[in-house]
Amino acid sequence: RPQGWTVRQVVHHVVDSHVNAYVRLRLALTEDRPDIRGYQQELWAELPDARTLPVEPSLEILRGLHLRWTALLDRLEPEQLGRPLEHSEFGTLTVGQLTCLYGWHSRHHVAHITSLRAREGW
C-alpha cells in the first residue's frame, strides 16, 4: 500500500511483535489471567532502529526466539492451551488463541514482504 512500511520495517516489526507475544505467553502460563496491553506498533516502526538498522540483527533475534517458543509450545500440556490472559484491545484470549494469532501474523507478513519484493522487482 502507498506510504506503507518498508521490508526493513516489517522485519523489525515481526520481531517486536513476537518478542511481546512470547512474553505474553509466558505470563499466561505462570500467572492467573494476566493483564497485557497493546503497544503503538505504528510508532515503533518509525523509531530510528526500525527505519535504519539492517534486518540481520532482527533475523538473529527471531531465529533464537522461535527456537525457544517452539521448544515451549512443543512441551505444553493440552490444558495449558486454555489458560487465559486479558488483552487491553482484544479482551480474553487463551494461550491457544494467542499461538494461532501469531502463526497467522508470521504468514501475513511473509506475504507482505513477498508482495513488496515482487512489486519492487527484486
# chains A, B, ... in the order shown; residues from 1 in each chain; ligands from 1

call {"tool": "residues_around", "arguments": {"residues": "region 32-36 of chain A", "least_positions_apart": "5", "cutoff": "8 Å", "atoms": "only C-alpha atoms", "output": "VMD selection string"}}
result
chain A and resid 24 27 83 to 88

call {"tool": "write_last_selection", "arguments": {"atoms": "all heavy atoms", "output": "mmCIF file, in the first residue's frame"}}
result
data_model
loop_
_atom_site.group_PDB
_atom_site.id
_atom_site.type_symbol
_atom_site.label_atom_id
_atom_site.label_comp_id
_atom_site.auth_asym_id
_atom_site.auth_seq_id
_atom_site.Cartn_x
_atom_site.Cartn_y
_atom_site.Cartn_z
ATOM 1 N N ARG A 24 4.051 -12.501 26.583
ATOM 2 C CA ARG A 24 2.637 -12.654 26.941
ATOM 3 C C ARG A 24 2.298 -14.122 27.191
ATOM 4 O O ARG A 24 1.577 -14.456 28.136
ATOM 5 C CB ARG A 24 1.756 -12.100 25.820
ATOM 6 C CG ARG A 24 1.845 -10.602 25.694
ATOM 7 C CD ARG A 24 1.216 -10.123 24.413
ATOM 8 N NE ARG A 24 1.217 -8.661 24.369
ATOM 9 C CZ ARG A 24 0.847 -7.964 23.319
ATOM 10 N NH1 ARG A 24 0.446 -8.575 22.217
ATOM 11 N NH2 ARG A 24 0.873 -6.650 23.357
ATOM 12 N N LEU A 27 3.686 -15.151 30.497
ATOM 13 C CA LEU A 27 2.868 -14.605 31.580
ATOM 14 C C LEU A 27 1.607 -15.439 31.764
ATOM 15 O O LEU A 27 1.212 -15.755 32.898
ATOM 16 C CB LEU A 27 2.507 -13.147 31.299
ATOM 17 C CG LEU A 27 3.642 -12.134 31.416
ATOM 18 C CD1 LEU A 27 3.198 -10.785 30.869
ATOM 19 C CD2 LEU A 27 4.125 -12.019 32.857
ATOM 20 N N ARG A 83 -5.277 -21.688 29.067
ATOM 21 C CA ARG A 83 -5.015 -20.664 30.088
ATOM 22 C C ARG A 83 -5.308 -19.277 29.513
ATOM 23 O O ARG A 83 -4.861 -18.936 28.422
ATOM 24 C CB ARG A 83 -3.580 -20.748 30.589
ATOM 25 C CG ARG A 83 -3.368 -22.005 31.449
ATOM 26 C CD ARG A 83 -2.035 -21.997 32.150
ATOM 27 N NE ARG A 83 -1.823 -20.823 32.965
ATOM 28 C CZ ARG A 83 -2.136 -20.714 34.263
ATOM 29 N NH1 ARG A 83 -2.720 -21.713 34.886
ATOM 30 N NH2 ARG A 83 -1.860 -19.608 34.927
ATOM 31 N N PRO A 84 -6.051 -18.452 30.258
ATOM 32 C CA PRO A 84 -6.472 -17.147 29.734
ATOM 33 C C PRO A 84 -5.524 -16.004 30.079
ATOM 34 O O PRO A 84 -4.755 -16.064 31.031
ATOM 35 C CB PRO A 84 -7.822 -16.933 30.433
ATOM 36 C CG PRO A 84 -7.638 -17.602 31.759
ATOM 37 C CD PRO A 84 -6.749 -18.795 31.499
ATOM 38 N N LEU A 85 -5.622 -14.978 29.265
ATOM 39 C CA LEU A 85 -4.982 -13.699 29.543
ATOM 40 C C LEU A 85 -5.953 -12.623 29.085
ATOM 41 O O LEU A 85 -6.820 -12.872 28.250
ATOM 42 C CB LEU A 85 -3.628 -13.580 28.839
ATOM 43 C CG LEU A 85 -3.591 -13.823 27.342
ATOM 44 C CD1 LEU A 85 -3.579 -12.510 26.588
ATOM 45 C CD2 LEU A 85 -2.377 -14.637 26.988
ATOM 46 N N GLU A 86 -5.809 -11.448 29.650
ATOM 47 C CA GLU A 86 -6.687 -10.328 29.302
ATOM 48 C C GLU A 86 -5.895 -9.313 28.485
ATOM 49 O O GLU A 86 -4.956 -8.700 28.992
ATOM 50 C CB GLU A 86 -7.247 -9.657 30.557
ATOM 51 C CG GLU A 86 -8.206 -10.515 31.339
ATOM 52 C CD GLU A 86 -9.472 -10.854 30.575
ATOM 53 O OE1 GLU A 86 -9.930 -10.024 29.756
ATOM 54 O OE2 GLU A 86 -10.006 -11.951 30.801
ATOM 55 N N HIS A 87 -6.276 -9.149 27.246
ATOM 56 C CA HIS A 87 -5.595 -8.206 26.359
ATOM 57 C C HIS A 87 -6.372 -6.896 26.345
ATOM 58 O O HIS A 87 -7.593 -6.897 26.233
ATOM 59 C CB HIS A 87 -5.505 -8.787 24.946
ATOM 60 C CG HIS A 87 -4.590 -8.046 24.048
ATOM 61 N ND1 HIS A 87 -4.893 -6.804 23.533
ATOM 62 C CD2 HIS A 87 -3.356 -8.366 23.580
ATOM 63 C CE1 HIS A 87 -3.897 -6.394 22.771
ATOM 64 N NE2 HIS A 87 -2.955 -7.320 22.789
ATOM 65 N N SER A 88 -5.654 -5.791 26.450
ATOM 66 C CA SER A 88 -6.308 -4.483 26.535
ATOM 67 C C SER A 88 -7.127 -4.145 25.296
ATOM 68 O O SER A 88 -8.076 -3.364 25.382
ATOM 69 C CB SER A 88 -5.268 -3.384 26.781
ATOM 70 O OG SER A 88 -4.363 -3.294 25.699
#

call {"tool": "residues_around", "arguments": {"residues": "Thr99 (chain A)", "least_positions_apart": "6", "cutoff": "10 Å", "atoms": "only C-alpha atoms", "output": "ChimeraX atom specification"}}
result
/A:21-22,25,69,73,81,93,105

call {"tool": "write_last_selection", "arguments": {"atoms": "C-alpha atoms", "output": "PDB file, in the first residue's frame"}}
result
ATOM      1  CA  ALA A  21       3.852 -12.365  22.185  1.00  0.00           C
ATOM      2  CA  TYR A  22       6.443 -14.692  23.712  1.00  0.00           C
ATOM      3  CA  LEU A  25       2.563 -16.425  26.501  1.00  0.00           C
ATOM      4  CA  TRP A  69       8.981 -20.515  21.545  1.00  0.00           C
ATOM      5  CA  LEU A  73       4.929 -24.930  22.774  1.00  0.00           C
ATOM      6  CA  LEU A  81      -3.534 -24.082  25.863  1.00  0.00           C
ATOM      7  CA  LEU A  93      -7.597 -14.750  24.846  1.00  0.00           C
ATOM      8  CA  HIS A 105       0.856 -12.950  11.933  1.00  0.00           C
TER       9      HIS A 105
END

call {"tool": "select_by_dssp", "arguments": {"residues": "chain A", "states": "helix (DSSP H, G or I)", "output": "PyMOL selection string"}}
result
chain A and resi 7-30+41-44+48-52+56-74+78-82+95-120

call {"tool": "closest_residue", "arguments": {"among": "A:Arg26, A:His12, A:His109, A:Arg37", "to": "Leu62 (chain A)", "atoms": "only C-alpha atoms"}}
result
A:His12

call {"tool": "atom_distance", "arguments": {"atom1": "CA of Val55 (chain A)", "atom2": "CA of Val95 (chain A)"}}
result
28.7 Å

call {"tool": "residues_around", "arguments": {"residues": "Arg68 (chain A)", "least_positions_apart": "2", "cutoff": "12 Å", "atoms": "only C-alpha atoms", "output": "number ranges by chain"}}
result
A: 18-19, 22-23, 25-26, 61-66, 70-75

call {"tool": "write_last_selection", "arguments": {"atoms": "all heavy atoms", "output": "compact mmCIF listing (two decimals), in the first residue's frame"}}
result
# COMPACT_ATOMS: atom_id res chain seq x y z
N HIS A 18 6.68 -10.45 18.00
CA HIS A 18 6.87 -11.80 18.50
C HIS A 18 7.56 -11.82 19.85
O HIS A 18 7.27 -12.70 20.68
CB HIS A 18 7.57 -12.66 17.46
CG HIS A 18 6.66 -13.02 16.33
ND1 HIS A 18 6.83 -14.13 15.55
CD2 HIS A 18 5.55 -12.41 15.85
CE1 HIS A 18 5.87 -14.20 14.64
NE2 HIS A 18 5.08 -13.14 14.81
N VAL A 19 8.43 -10.87 20.12
CA VAL A 19 9.01 -10.75 21.47
C VAL A 19 7.89 -10.48 22.47
O VAL A 19 7.82 -11.10 23.54
CB VAL A 19 10.11 -9.66 21.52
CG1 VAL A 19 10.44 -9.29 22.95
CG2 VAL A 19 11.36 -10.12 20.78
N TYR A 22 5.75 -13.66 22.92
CA TYR A 22 6.44 -14.69 23.71
C TYR A 22 6.35 -14.37 25.20
O TYR A 22 6.04 -15.24 26.02
CB TYR A 22 7.89 -14.80 23.24
CG TYR A 22 8.72 -15.80 23.98
CD1 TYR A 22 8.50 -17.17 23.81
CD2 TYR A 22 9.72 -15.41 24.85
CE1 TYR A 22 9.27 -18.10 24.48
CE2 TYR A 22 10.49 -16.33 25.53
CZ TYR A 22 10.27 -17.68 25.35
OH TYR A 22 11.03 -18.61 26.02
N VAL A 23 6.56 -13.12 25.55
CA VAL A 23 6.45 -12.71 26.95
C VAL A 23 5.00 -12.88 27.42
O VAL A 23 4.75 -13.37 28.52
CB VAL A 23 6.94 -11.26 27.15
CG1 VAL A 23 6.60 -10.74 28.53
CG2 VAL A 23 8.44 -11.18 26.90
N LEU A 25 2.80 -15.00 26.34
CA LEU A 25 2.56 -16.43 26.50
C LEU A 25 3.12 -16.91 27.83
O LEU A 25 2.45 -17.62 28.58
CB LEU A 25 3.20 -17.19 25.34
CG LEU A 25 3.09 -18.70 25.44
CD1 LEU A 25 1.83 -19.17 24.74
CD2 LEU A 25 4.30 -19.36 24.85
N ARG A 26 4.33 -16.51 28.15
CA ARG A 26 4.94 -16.94 29.41
C ARG A 26 4.18 -16.39 30.62
O ARG A 26 4.04 -17.08 31.63
CB ARG A 26 6.41 -16.54 29.44
CG ARG A 26 7.23 -17.31 28.37
CD ARG A 26 8.69 -16.90 28.35
NE ARG A 26 9.38 -17.34 29.53
CZ ARG A 26 9.91 -18.55 29.71
NH1 ARG A 26 9.79 -19.47 28.78
NH2 ARG A 26 10.54 -18.85 30.81
N ILE A 61 17.61 -12.46 16.19
CA ILE A 61 16.72 -12.50 17.35
C ILE A 61 15.56 -13.44 17.05
O ILE A 61 15.19 -14.28 17.88
CB ILE A 61 16.20 -11.09 17.70
CG1 ILE A 61 17.34 -10.22 18.23
CG2 ILE A 61 15.05 -11.16 18.72
CD1 ILE A 61 16.97 -8.74 18.33
N LEU A 62 14.98 -13.31 15.87
CA LEU A 62 13.82 -14.11 15.51
C LEU A 62 14.15 -15.60 15.49
O LEU A 62 13.36 -16.42 15.98
CB LEU A 62 13.30 -13.65 14.14
CG LEU A 62 11.88 -14.01 13.79
CD1 LEU A 62 10.88 -13.45 14.79
CD2 LEU A 62 11.55 -13.51 12.39
N ARG A 63 15.32 -15.95 14.97
CA ARG A 63 15.72 -17.37 14.96
C ARG A 63 15.77 -17.93 16.38
O ARG A 63 15.21 -18.99 16.67
CB ARG A 63 17.07 -17.54 14.27
CG ARG A 63 16.99 -17.66 12.77
CD ARG A 63 18.32 -18.06 12.17
NE ARG A 63 19.23 -16.94 11.97
CZ ARG A 63 19.18 -16.08 10.96
NH1 ARG A 63 18.25 -16.21 10.05
NH2 ARG A 63 20.04 -15.11 10.86
N GLY A 64 16.45 -17.23 17.26
CA GLY A 64 16.56 -17.70 18.64
C GLY A 64 15.23 -17.71 19.35
O GLY A 64 14.90 -18.66 20.08
N LEU A 65 14.46 -16.67 19.16
CA LEU A 65 13.16 -16.57 19.80
C LEU A 65 12.24 -17.70 19.35
O LEU A 65 11.58 -18.35 20.16
CB LEU A 65 12.52 -15.21 19.49
CG LEU A 65 11.12 -14.99 20.03
CD1 LEU A 65 11.12 -15.02 21.55
CD2 LEU A 65 10.56 -13.67 19.51
N HIS A 66 12.22 -17.98 18.06
CA HIS A 66 11.35 -19.04 17.56
C HIS A 66 11.81 -20.42 18.02
O HIS A 66 10.98 -21.30 18.24
CB HIS A 66 11.22 -18.96 16.04
CG HIS A 66 10.30 -17.87 15.60
ND1 HIS A 66 10.04 -17.62 14.27
CD2 HIS A 66 9.55 -16.97 16.29
CE1 HIS A 66 9.17 -16.62 14.18
NE2 HIS A 66 8.87 -16.21 15.41
N THR A 70 9.14 -22.48 20.13
CA THR A 70 8.78 -23.82 19.67
C THR A 70 9.05 -24.86 20.75
O THR A 70 8.22 -25.75 20.99
CB THR A 70 9.55 -24.16 18.37
OG1 THR A 70 9.22 -23.20 17.38
CG2 THR A 70 9.23 -25.56 17.88
N ALA A 71 10.20 -24.76 21.41
CA ALA A 71 10.52 -25.71 22.48
C ALA A 71 9.48 -25.65 23.59
O ALA A 71 9.08 -26.69 24.13
CB ALA A 71 11.92 -25.41 23.04
N LEU A 72 9.02 -24.46 23.92
CA LEU A 72 8.00 -24.30 24.94
C LEU A 72 6.66 -24.87 24.47
O LEU A 72 6.03 -25.67 25.16
CB LEU A 72 7.85 -22.82 25.31
CG LEU A 72 6.77 -22.46 26.32
CD1 LEU A 72 7.01 -23.16 27.66
CD2 LEU A 72 6.73 -20.95 26.52
N LEU A 73 6.23 -24.48 23.28
CA LEU A 73 4.93 -24.93 22.77
C LEU A 73 4.88 -26.45 22.60
O LEU A 73 3.85 -27.07 22.88
CB LEU A 73 4.61 -24.24 21.44
CG LEU A 73 4.30 -22.75 21.52
CD1 LEU A 73 4.21 -22.16 20.12
CD2 LEU A 73 3.02 -22.50 22.32
N ASP A 74 5.98 -27.05 22.17
CA ASP A 74 6.01 -28.49 21.96
C ASP A 74 5.82 -29.28 23.26
O ASP A 74 5.46 -30.45 23.21
CB ASP A 74 7.34 -28.92 21.32
CG ASP A 74 7.39 -28.64 19.84
OD1 ASP A 74 6.35 -28.35 19.23
OD2 ASP A 74 8.51 -28.72 19.27
N ARG A 75 6.07 -28.64 24.38
CA ARG A 75 6.01 -29.35 25.66
C ARG A 75 4.80 -28.95 26.52
O ARG A 75 4.68 -29.39 27.66
CB ARG A 75 7.30 -29.11 26.43
CG ARG A 75 8.47 -29.85 25.79
CD ARG A 75 9.82 -29.38 26.30
NE ARG A 75 10.91 -30.06 25.64
CZ ARG A 75 11.42 -29.71 24.45
NH1 ARG A 75 10.91 -28.71 23.77
NH2 ARG A 75 12.42 -30.37 23.94

call {"tool": "closest_residue", "arguments": {"among": "A:Thr92, A:Gln97, A:Gln40, A:Ser106", "to": "Val14 (chain A)", "atoms": "only C-alpha atoms"}}
result
A:Ser106

call {"tool": "closest_residue", "arguments": {"among": "A:Leu98, A:Leu76, A:Ala45, A:Ala111", "to": "Thr6 (chain A)", "atoms": "only C-alpha atoms"}}
result
A:Ala45

call {"tool": "select_by_dssp", "arguments": {"residues": "chain A", "states": "strand (DSSP E)", "output": "ChimeraX atom specification"}}
result
/A:35-36,84-87,91-94

call {"tool": "write_last_selection", "arguments": {"atoms": "N, CA, C and O atoms", "output": "PDB file, in the first residue's frame"}}
result
ATOM      1  N   ASP A  35      -3.007  -9.419  32.935  1.00  0.00           N
ATOM      2  CA  ASP A  35      -3.398  -8.302  32.075  1.00  0.00           C
ATOM      3  C   ASP A  35      -2.213  -7.940  31.203  1.00  0.00           C
ATOM      4  O   ASP A  35      -1.104  -7.744  31.696  1.00  0.00           O
ATOM      5  N   ILE A  36      -2.445  -7.889  29.913  1.00  0.00           N
ATOM      6  CA  ILE A  36      -1.406  -7.440  28.987  1.00  0.00           C
ATOM      7  C   ILE A  36      -1.974  -6.284  28.185  1.00  0.00           C
ATOM      8  O   ILE A  36      -3.175  -6.145  28.050  1.00  0.00           O
ATOM      9  N   PRO A  84      -6.051 -18.452  30.258  1.00  0.00           N
ATOM     10  CA  PRO A  84      -6.472 -17.147  29.734  1.00  0.00           C
ATOM     11  C   PRO A  84      -5.524 -16.004  30.079  1.00  0.00           C
ATOM     12  O   PRO A  84      -4.755 -16.064  31.031  1.00  0.00           O
ATOM     13  N   LEU A  85      -5.622 -14.978  29.265  1.00  0.00           N
ATOM     14  CA  LEU A  85      -4.982 -13.699  29.543  1.00  0.00           C
ATOM     15  C   LEU A  85      -5.953 -12.623  29.085  1.00  0.00           C
ATOM     16  O   LEU A  85      -6.820 -12.872  28.250  1.00  0.00           O
ATOM     17  N   GLU A  86      -5.809 -11.448  29.650  1.00  0.00           N
ATOM     18  CA  GLU A  86      -6.687 -10.328  29.302  1.00  0.00           C
ATOM     19  C   GLU A  86      -5.895  -9.313  28.485  1.00  0.00           C
ATOM     20  O   GLU A  86      -4.956  -8.700  28.992  1.00  0.00           O
ATOM     21  N   HIS A  87      -6.276  -9.149  27.246  1.00  0.00           N
ATOM     22  CA  HIS A  87      -5.595  -8.206  26.359  1.00  0.00           C
ATOM     23  C   HIS A  87      -6.372  -6.896  26.345  1.00  0.00           C
ATOM     24  O   HIS A  87      -7.593  -6.897  26.233  1.00  0.00           O
ATOM     25  N   GLY A  91      -9.576  -8.286  24.544  1.00  0.00           N
ATOM     26  CA  GLY A  91     -10.322  -8.965  25.593  1.00  0.00           C
ATOM     27  C   GLY A  91      -9.642 -10.260  25.999  1.00  0.00           C
ATOM     28  O   GLY A  91      -8.424 -10.396  25.919  1.00  0.00           O
ATOM     29  N   THR A  92     -10.439 -11.243  26.403  1.00  0.00           N
ATOM     30  CA  THR A  92      -9.896 -12.511  26.875  1.00  0.00           C
ATOM     31  C   THR A  92      -9.417 -13.365  25.703  1.00  0.00           C
ATOM     32  O   THR A  92     -10.144 -13.576  24.739  1.00  0.00           O
ATOM     33  N   LEU A  93      -8.193 -13.819  25.804  1.00  0.00           N
ATOM     34  CA  LEU A  93      -7.597 -14.750  24.846  1.00  0.00           C
ATOM     35  C   LEU A  93      -7.023 -15.917  25.626  1.00  0.00           C
ATOM     36  O   LEU A  93      -6.671 -15.772  26.797  1.00  0.00           O
ATOM     37  N   THR A  94      -6.899 -17.058  24.972  1.00  0.00           N
ATOM     38  CA  THR A  94      -6.224 -18.203  25.589  1.00  0.00           C
ATOM     39  C   THR A  94      -4.828 -18.352  24.978  1.00  0.00           C
ATOM     40  O   THR A  94      -4.531 -17.776  23.921  1.00  0.00           O
TER      41      THR A  94
END

call {"tool": "closest_residue", "arguments": {"among": "A:Glu42, A:Glu77, A:Glu60, A:Glu31", "to": "Val10 (chain A)", "atoms": "only C-alpha atoms"}}
result
A:Glu42

call {"tool": "residues_around", "arguments": {"residues": "region 49-53 of chain A", "least_positions_apart": "4", "cutoff": "12 Å", "atoms": "only C-alpha atoms", "output": "ChimeraX atom specification"}}
result
/A:5-16,41-45,57-59
